[in-house]
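All remarks here apply to the structure that follows.
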Amino acid sequence: MQRRQGRFELAHSGTLFLDEIGELPAETQLALLRVLQERQFERVGGSQVISTDVRIIAATNCDLQAAISAGTFRADLFYRLNVFPIEVPPLRQRKEDIPMLVEYFVKRYADKARKQFSRIDKKYAGAMSVLSLARQYS
């Protein structure tokens with residue numbers, strides 16, 4: 001009985017982040033492609049066309065080229081989204097980033113727990129990186 005705005009409507013004149021774009025079902029890929037091409041959509045159950053101006057940032061950890069070859073991802077949607085690709089190598093290839101990430105997460109969760117740490121001992125940060133890499137390969 002009440003009207004609810006969808007993600008595209010809420011993001012009008014802004015940016016919408018779509019995570020795991022490679023996992024979208026075929027029907028959703030087609031609907032997304034239509035919105036990107038036409039810059040308009042109708043709400044589910046609605047009859048009014050709504051225009052939208054949205055910048056899309058999409059992320060995935062799957063190989064979209066392989067998904068296109070396998071027929072599970074639309075090539076036209078890929079080319080519509082792949083305007084400015086940014087490839088981030090996996091963390092196992094960026095070991096030097098691990099201490100910084102450990103520091104960030106310790107601070108984040110310490111703040112939530114209302115605890116204070118003056119510093120993180122380097123030997124523990126190094127141990128964290130070894131543990132995280134070991135988990136990736138086990």
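Naming scheme: A, B, ... for chains in displayed order of the structure tokens; residues 1 onward per chain; ligands 1 onward as shown.
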At most 12 Å is the cut-off: for each residue in range 29-93 of chain A with any atom that close to an atom of range 13-24 of chain A, write down the nearest atom pair and the distance in Å rounded to one decimal, counting only C-alpha atoms, chain first then increasing number, as a tab-separated table.
residue	atom	partner	partner_atom	distance
A:Gln29	CA	A:Leu24	CA	6.1
A:Leu30	CA	A:Leu24	CA	9.7
A:Ala31	CA	A:Leu24	CA	10.5
A:Leu32	CA	A:Leu24	CA	9.6
A:Leu33	CA	A:Leu24	CA	11.6
A:Leu36	CA	A:Leu16	CA	11.8
A:Arg39	CA	A:Ser13	CA	11.5
A:Ser51	CA	A:Ser13	CA	10.6
A:Thr52	CA	A:Ser13	CA	7.4
A:Asp53	CA	A:Ser13	CA	5.2
A:Val54	CA	A:Gly14	CA	5.4
A:Arg55	CA	A:Thr15	CA	4.6
A:Ile56	CA	A:Leu16	CA	5.1
A:Ile57	CA	A:Phe17	CA	4.8
A:Ala58	CA	A:Leu18	CA	4.6
A:Ala59	CA	A:Asp19	CA	4.9
A:Thr60	CA	A:Glu20	CA	4.2
A:Asn61	CA	A:Glu20	CA	6.8
A:Cys62	CA	A:Gly22	CA	6.2
A:Asp63	CA	A:Gly22	CA	8.0
A:Leu64	CA	A:Gly22	CA	6.5
A:Gln65	CA	A:Gly22	CA	10.1
A:Ala66	CA	A:Gly22	CA	10.5
A:Ala67	CA	A:Gly22	CA	7.8
A:Ile68	CA	A:Gly22	CA	9.8
A:Gly71	CA	A:Gly22	CA	11.7
A:Thr72	CA	A:Gly22	CA	8.5
A:Phe73	CA	A:Gly22	CA	6.9
A:Arg74	CA	A:Gly22	CA	9.7
A:Ala75	CA	A:Gly22	CA	11.5
A:Leu77	CA	A:Ile21	CA	10.2
A:Phe78	CA	A:Gly22	CA	9.4
A:Leu81	CA	A:Ile21	CA	9.8
A:Asn82	CA	A:Ile21	CA	11.6
>> Using only C-alpha atoms, which protein or nucleic acid residues come within 10 Å of Arg43 in chain A? Drop anything in the same chain fewer than 4 positions from it, and give the result as a ChimeraX atom specification.
In response: /A:3-6,9,47-50
Writer output for current selection, all heavy atoms, as a JSON list (two decimals), in the first residue's frame:
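Final output, selection_2.json:
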[["chain", "number", "residue", "atom", "x", "y", "z"],
["A", 3, "ARG", "N", 4.38, 3.41, -1.23],
["A", 3, "ARG", "CA", 5.35, 3.51, -2.30],
["A", 3, "ARG", "C", 6.75, 3.41, -1.71],
["A", 3, "ARG", "O", 7.07, 4.08, -0.73],
["A", 3, "ARG", "CB", 5.19, 4.83, -3.02],
["A", 3, "ARG", "CG", 6.11, 4.98, -4.20],
["A", 3, "ARG", "CD", 5.95, 6.35, -4.78],
["A", 3, "ARG", "NE", 6.77, 7.25, -3.97],
["A", 3, "ARG", "CZ", 7.50, 8.23, -4.47],
["A", 3, "ARG", "NH1", 7.45, 8.49, -5.74],
["A", 3, "ARG", "NH2", 8.23, 8.99, -3.70],
["A", 4, "ARG", "N", 7.58, 2.56, -2.32],
["A", 4, "ARG", "CA", 8.97, 2.43, -1.88],
["A", 4, "ARG", "C", 9.88, 2.73, -3.06],
["A", 4, "ARG", "O", 9.67, 2.23, -4.15],
["A", 4, "ARG", "CB", 9.24, 1.02, -1.37],
["A", 4, "ARG", "CG", 8.45, 0.72, -0.10],
["A", 4, "ARG", "CD", 8.83, -0.59, 0.47],
["A", 4, "ARG", "NE", 10.25, -0.56, 0.81],
["A", 4, "ARG", "CZ", 10.91, -1.61, 1.25],
["A", 4, "ARG", "NH1", 10.31, -2.75, 1.40],
["A", 4, "ARG", "NH2", 12.19, -1.52, 1.56],
["A", 5, "GLN", "N", 10.87, 3.55, -2.83],
["A", 5, "GLN", "CA", 11.81, 3.88, -3.87],
["A", 5, "GLN", "C", 12.86, 2.76, -3.99],
["A", 5, "GLN", "O", 13.32, 2.22, -3.00],
["A", 5, "GLN", "CB", 12.52, 5.20, -3.57],
["A", 5, "GLN", "CG", 11.59, 6.39, -3.64],
["A", 5, "GLN", "CD", 12.34, 7.69, -3.39],
["A", 5, "GLN", "OE1", 13.25, 7.74, -2.58],
["A", 5, "GLN", "NE2", 11.94, 8.73, -4.10],
["A", 6, "GLY", "N", 13.23, 2.46, -5.23],
["A", 6, "GLY", "CA", 14.26, 1.46, -5.48],
["A", 6, "GLY", "C", 15.64, 2.09, -5.49],
["A", 6, "GLY", "O", 15.80, 3.31, -5.34],
["A", 9, "GLU", "N", 16.29, 4.85, -8.16],
["A", 9, "GLU", "CA", 15.57, 6.07, -7.81],
["A", 9, "GLU", "C", 16.27, 6.80, -6.67],
["A", 9, "GLU", "O", 16.43, 8.03, -6.70],
["A", 9, "GLU", "CB", 14.14, 5.72, -7.42],
["A", 9, "GLU", "CG", 13.17, 6.85, -7.53],
["A", 9, "GLU", "CD", 11.73, 6.39, -7.39],
["A", 9, "GLU", "OE1", 11.46, 5.17, -7.34],
["A", 9, "GLU", "OE2", 10.88, 7.28, -7.33],
["A", 47, "SER", "N", 3.18, 1.88, -13.40],
["A", 47, "SER", "CA", 2.93, 2.13, -14.82],
["A", 47, "SER", "C", 3.57, 3.43, -15.27],
["A", 47, "SER", "O", 3.53, 3.76, -16.45],
["A", 47, "SER", "CB", 1.42, 2.18, -15.07],
["A", 47, "SER", "OG", 0.84, 3.20, -14.28],
["A", 48, "GLN", "N", 4.18, 4.15, -14.36],
["A", 48, "GLN", "CA", 4.80, 5.44, -14.67],
["A", 48, "GLN", "C", 6.29, 5.22, -14.98],
["A", 48, "GLN", "O", 6.99, 4.53, -14.25],
["A", 48, "GLN", "CB", 4.65, 6.39, -13.49],
["A", 48, "GLN", "CG", 5.27, 7.74, -13.70],
["A", 48, "GLN", "CD", 5.14, 8.61, -12.45],
["A", 48, "GLN", "OE1", 4.62, 8.18, -11.43],
["A", 48, "GLN", "NE2", 5.64, 9.83, -12.55],
["A", 49, "VAL", "N", 6.77, 5.82, -16.07],
["A", 49, "VAL", "CA", 8.19, 5.75, -16.42],
["A", 49, "VAL", "C", 8.94, 6.79, -15.60],
["A", 49, "VAL", "O", 8.54, 7.95, -15.54],
["A", 49, "VAL", "CB", 8.39, 5.99, -17.93],
["A", 49, "VAL", "CG1", 9.86, 6.04, -18.28],
["A", 49, "VAL", "CG2", 7.68, 4.91, -18.74],
["A", 50, "ILE", "N", 10.04, 6.36, -14.99],
["A", 50, "ILE", "CA", 10.86, 7.24, -14.15],
["A", 50, "ILE", "C", 12.23, 7.38, -14.81],
["A", 50, "ILE", "O", 12.88, 6.38, -15.11],
["A", 50, "ILE", "CB", 11.00, 6.65, -12.73],
["A", 50, "ILE", "CG1", 9.62, 6.50, -12.10],
["A", 50, "ILE", "CG2", 11.91, 7.52, -11.88],
["A", 50, "ILE", "CD1", 9.60, 5.69, -10.84]]
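Listed by chain and then by rising number, the residues of chain A that DSSP assigns to strand (DSSP E) from the backbone are Gly14, Thr15, Leu16, Phe17, Leu18, Gln40, Phe41, Glu42, Val49, Ile50, Ser51, Val54, Arg55, Ile56, Ile57 and Ala58 of chain A.
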